[in-house]
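All remarks here apply to the structure that follows.
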Amino acid sequence: MKSRARLAAVISLLALCSAVMMSVLYETGGDPSRVYYGTDTRSFGLLIGCALALVWPMKRLSSNRLPSKLKHTLHATEFSAFCILVLCVYFTDEYEPFLYRGGMLFISVTAAILIACVCHPSSFLGNLLSWRPLRWLGTRSYGIYLWHYPVIVLSTPVQEIGNPVFWHIVLKVIVTCILAELSYLFIEKPVRAQGFRPFFRRVLIHRIKEWKTTSVISKMSIGFIIFAILIFAGGLSGLAGEQKHPTK
């Protein structure tokens with residue numbers, strides 16, 4: 001336990017260094033891309049999550065062991081953290097100097113506190129977030145995060161940039177969710193269960209050699225992987241085109 005605490009302390013120190021580097025490198029009124037996308041200046045978010053995983057014994061938490069006073073404290077803390085995050089989302093944008101002068105660090109710490117509270121069995125918000133549609137959204141959230149950008153890049157006409165059409169937005173959301181579901185079923189779950197190398201050998205190498213006798217599911221997996229590569233390549237080419245010909 002002591003070794004985990006020490007490791008968490010080291011990770012927290014690295015997170016603080018990352019946040020300080022963001023603050024130092026940020027130039028007010030300038031382009032924040034360097035500090036926003038830089039691994040060295042944005043790693044504090046991931047590091048804070050790692051530190052939380054080391055010090056918060058989620059598997060040993062029990063609602064029976066928590067006195068009523070502490071339950072009230074838990075509910076007040078999670079509600080406060082949730083409200084703070086909502087206010088930050090509403091009142092800040094990507095060019096707000098506050099974000100790069102400690103704001104993102106503050107938001108990350110607040111999010112970690114909220115996660116710690118929500119993971120407790122006595123959490124009120126945790127019970128709300130266990131609603132099945134929200135659980136589905138949570139398990140597919142990384143796929144949605146990865147897919148939304150290439151979908152937007154490949155499906156947005158030039159004349160719609162800055163002038164979005166509502167039903168186009170709805171359609172893009174639906175397509176993104178479908179792609180996220182497919183990638184979750186045919187890529188994420190198999191990789192989690194088997195590991196990347198066994199999955200790669202089984203699906204891409206072994207199944208391609210035996211294509212005629214391959215099951216429909218495996219064929220769909222191979223086709224979806226190829227489709228995913230093409231989509232991401234198209235998204236990257238769209239990004240490169242935007243950088244070469246920026247919108248005036």
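Identifiers in the structure tokens: chain A, B, ... in order shown; residue index from 1 per chain; ligand index from 1 in order shown.
Excluding Ser12 (chain A) itself and any same-chain residue fewer than 3 positions from it, the protein and nucleic acid residues within 9 Å of it, counting only C-alpha atoms, are Leu7, Ala8, Ala9, Ala15, Leu16, Cys17, Phe44, Leu47, Ile48, Cys50 and Ala51 of chain A.
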Surrounding residues of Val24 (chain A) excluding itself and chain neighbours under 5 positions, 10 Å, only C-alpha atoms, as a list of chain:residue names: A:Ser18, A:Ala19, A:Val35, A:Thr41, A:Tyr100, A:Arg101
I need the chosen residues saved as a PDB file, in the first residue's frame, with C-alpha atoms.
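What follows is the written file result.pdb:
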```
ATOM      1  CA  SER A  18       2.720  19.198 -16.817  1.00  0.00           C
ATOM      2  CA  ALA A  19       0.169  21.806 -15.725  1.00  0.00           C
ATOM      3  CA  VAL A  35      -0.299  23.643 -25.228  1.00  0.00           C
ATOM      4  CA  THR A  41       1.329  20.027 -21.484  1.00  0.00           C
ATOM      5  CA  TYR A 100      -4.358  27.369 -19.622  1.00  0.00           C
ATOM      6  CA  ARG A 101      -3.435  29.138 -16.386  1.00  0.00           C
TER       7      ARG A 101
END
```
What lies within 10 Å of region 74-90 of chain A using only C-alpha atoms, ignoring chain neighbours under 3 positions off, as an mmCIF file with N, CA and C atoms, in the first residue's frame?
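Full text of result_5.cif as output:
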```cif
data_model
loop_
_atom_site.group_PDB
_atom_site.id
_atom_site.type_symbol
_atom_site.label_atom_id
_atom_site.label_comp_id
_atom_site.auth_asym_id
_atom_site.auth_seq_id
_atom_site.Cartn_x
_atom_site.Cartn_y
_atom_site.Cartn_z
ATOM 1 N N LEU A 66 -20.301 2.879 5.461
ATOM 2 C CA LEU A 66 -20.264 4.340 5.444
ATOM 3 C C LEU A 66 -21.330 4.904 6.380
ATOM 4 N N SER A 68 -23.930 7.561 8.170
ATOM 5 C CA SER A 68 -24.882 8.462 7.516
ATOM 6 C C SER A 68 -24.302 9.860 7.309
ATOM 7 N N LYS A 69 -23.507 10.350 8.267
ATOM 8 C CA LYS A 69 -22.911 11.681 8.116
ATOM 9 C C LYS A 69 -21.966 11.729 6.919
ATOM 10 N N LEU A 70 -21.191 10.664 6.757
ATOM 11 C CA LEU A 70 -20.272 10.623 5.621
ATOM 12 C C LEU A 70 -21.020 10.471 4.298
ATOM 13 N N LYS A 71 -22.173 9.815 4.344
ATOM 14 C CA LYS A 71 -22.983 9.718 3.133
ATOM 15 C C LYS A 71 -23.458 11.099 2.688
ATOM 16 N N ASP A 93 -14.603 28.697 -22.956
ATOM 17 C CA ASP A 93 -14.408 28.143 -24.290
ATOM 18 C C ASP A 93 -12.930 27.829 -24.467
ATOM 19 N N LEU A 99 -8.308 28.580 -18.741
ATOM 20 C CA LEU A 99 -8.082 27.152 -18.938
ATOM 21 C C LEU A 99 -6.604 26.802 -18.904
ATOM 22 N N GLY A 103 -6.718 26.378 -15.121
ATOM 23 C CA GLY A 103 -8.122 25.998 -15.215
ATOM 24 C C GLY A 103 -8.319 24.538 -15.567
ATOM 25 N N MET A 104 -7.547 24.043 -16.535
ATOM 26 C CA MET A 104 -7.681 22.634 -16.914
ATOM 27 C C MET A 104 -7.250 21.709 -15.785
ATOM 28 N N PHE A 106 -7.553 22.437 -12.617
ATOM 29 C CA PHE A 106 -8.674 22.516 -11.674
ATOM 30 C C PHE A 106 -9.833 21.631 -12.130
ATOM 31 N N ILE A 107 -10.144 21.678 -13.422
ATOM 32 C CA ILE A 107 -11.233 20.865 -13.960
ATOM 33 C C ILE A 107 -10.902 19.380 -13.853
ATOM 34 N N SER A 108 -9.652 19.019 -14.118
ATOM 35 C CA SER A 108 -9.249 17.611 -14.039
ATOM 36 C C SER A 108 -9.341 17.087 -12.612
ATOM 37 N N VAL A 109 -8.901 17.890 -11.660
ATOM 38 C CA VAL A 109 -8.988 17.480 -10.253
ATOM 39 C C VAL A 109 -10.449 17.354 -9.829
ATOM 40 N N THR A 110 -11.273 18.302 -10.267
ATOM 41 C CA THR A 110 -12.701 18.245 -9.944
ATOM 42 C C THR A 110 -13.344 17.001 -10.545
ATOM 43 N N ALA A 111 -12.965 16.684 -11.781
ATOM 44 C CA ALA A 111 -13.494 15.479 -12.425
ATOM 45 C C ALA A 111 -13.053 14.224 -11.682
ATOM 46 N N ALA A 112 -11.806 14.208 -11.205
ATOM 47 C CA ALA A 112 -11.319 13.055 -10.446
ATOM 48 C C ALA A 112 -12.099 12.892 -9.139
ATOM 49 N N ILE A 113 -12.392 14.006 -8.489
ATOM 50 C CA ILE A 113 -13.189 13.956 -7.256
ATOM 51 C C ILE A 113 -14.584 13.413 -7.550
ATOM 52 N N LEU A 114 -15.169 13.879 -8.648
ATOM 53 C CA LEU A 114 -16.498 13.401 -9.023
ATOM 54 C C LEU A 114 -16.477 11.905 -9.332
ATOM 55 N N ILE A 115 -15.456 11.453 -10.046
ATOM 56 C CA ILE A 115 -15.338 10.028 -10.372
ATOM 57 C C ILE A 115 -15.201 9.194 -9.097
ATOM 58 N N ALA A 116 -14.374 9.678 -8.171
ATOM 59 C CA ALA A 116 -14.189 8.958 -6.911
ATOM 60 C C ALA A 116 -15.510 8.837 -6.154
ATOM 61 N N CYS A 117 -16.293 9.897 -6.164
ATOM 62 C CA CYS A 117 -17.585 9.872 -5.468
ATOM 63 C C CYS A 117 -18.581 8.960 -6.173
ATOM 64 N N VAL A 118 -18.647 9.075 -7.485
ATOM 65 C CA VAL A 118 -19.628 8.313 -8.262
ATOM 66 C C VAL A 118 -19.364 6.812 -8.173
ATOM 67 N N HIS A 120 -18.457 5.199 -5.646
ATOM 68 C CA HIS A 120 -18.837 4.644 -4.343
ATOM 69 C C HIS A 120 -20.253 4.077 -4.417
ATOM 70 N N SER A 122 -22.598 4.109 -2.402
ATOM 71 C CA SER A 122 -23.612 4.971 -1.788
ATOM 72 C C SER A 122 -23.893 6.229 -2.599
ATOM 73 N N SER A 123 -23.228 6.382 -3.717
ATOM 74 C CA SER A 123 -23.364 7.603 -4.509
ATOM 75 C C SER A 123 -24.748 7.711 -5.136
ATOM 76 N N PHE A 124 -25.361 8.878 -4.979
ATOM 77 C CA PHE A 124 -26.658 9.137 -5.607
ATOM 78 C C PHE A 124 -26.492 9.304 -7.117
ATOM 79 N N LEU A 125 -25.482 10.082 -7.520
ATOM 80 C CA LEU A 125 -25.231 10.272 -8.949
ATOM 81 C C LEU A 125 -24.806 8.965 -9.613
ATOM 82 N N GLY A 126 -24.078 8.146 -8.856
ATOM 83 C CA GLY A 126 -23.661 6.861 -9.395
ATOM 84 C C GLY A 126 -24.847 5.988 -9.761
#
```
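Closest to Val173 (chain A) among A:Arg60, A:Arg42, A:Arg197, A:His148 is A:His148, based on only C-alpha atoms.
Distance annotation: of A:Phe199, A:Phe166, A:Trp131, A:Trp136, the residue with the minimal separation from Glu181 (chain A) is A:Trp136; atom set is only C-alpha atoms.
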Close residues, Ile169 (chain A) itself excluded, 12 Å, only C-alpha atoms, min 5 positions apart in chain, as an MDAnalysis selection string: chainID A and resid 148 151:152 155:156 160:161 163:164 174:176
All alpha helix (DSSP H) positions in chain A, as a ChimeraX atom specification: /A:2-25,33-37,39-42,44-55,68-91,97-98,104-118,124-129,132-139,141-155,166-183,189-194,196-199,207-209,216-244
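Coordinates place CA of Ser43 (chain A) at a distance of 22.8 Å from CA of Gly29 (chain A).
The spacing separating CA of Lys189 (chain A) from CA of Pro133 (chain A) amounts to 18.5 Å.
Taking only C-alpha atoms into account, Gly102 (chain A) lies nearest to A:Ser23 out of the set A:Ser141, A:Ser23, A:Thr73, A:Ser33.
Among the candidates A:Val158, A:Glu27, A:Phe98, A:Leu54, the residue lying nearest to Val10 (chain A) is A:Leu54 (atoms considered: only C-alpha atoms).
In this structure, CA of Leu182 (chain A) sits 9.7 Å away from CA of Arg140 (chain A).
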Test item: residues at most 7 Å from Pro121 (chain A), only C-alpha atoms, excluding those fewer than 2 positions along its chain, as a PyMOL selection string: chain A and resi 61-63+119+123
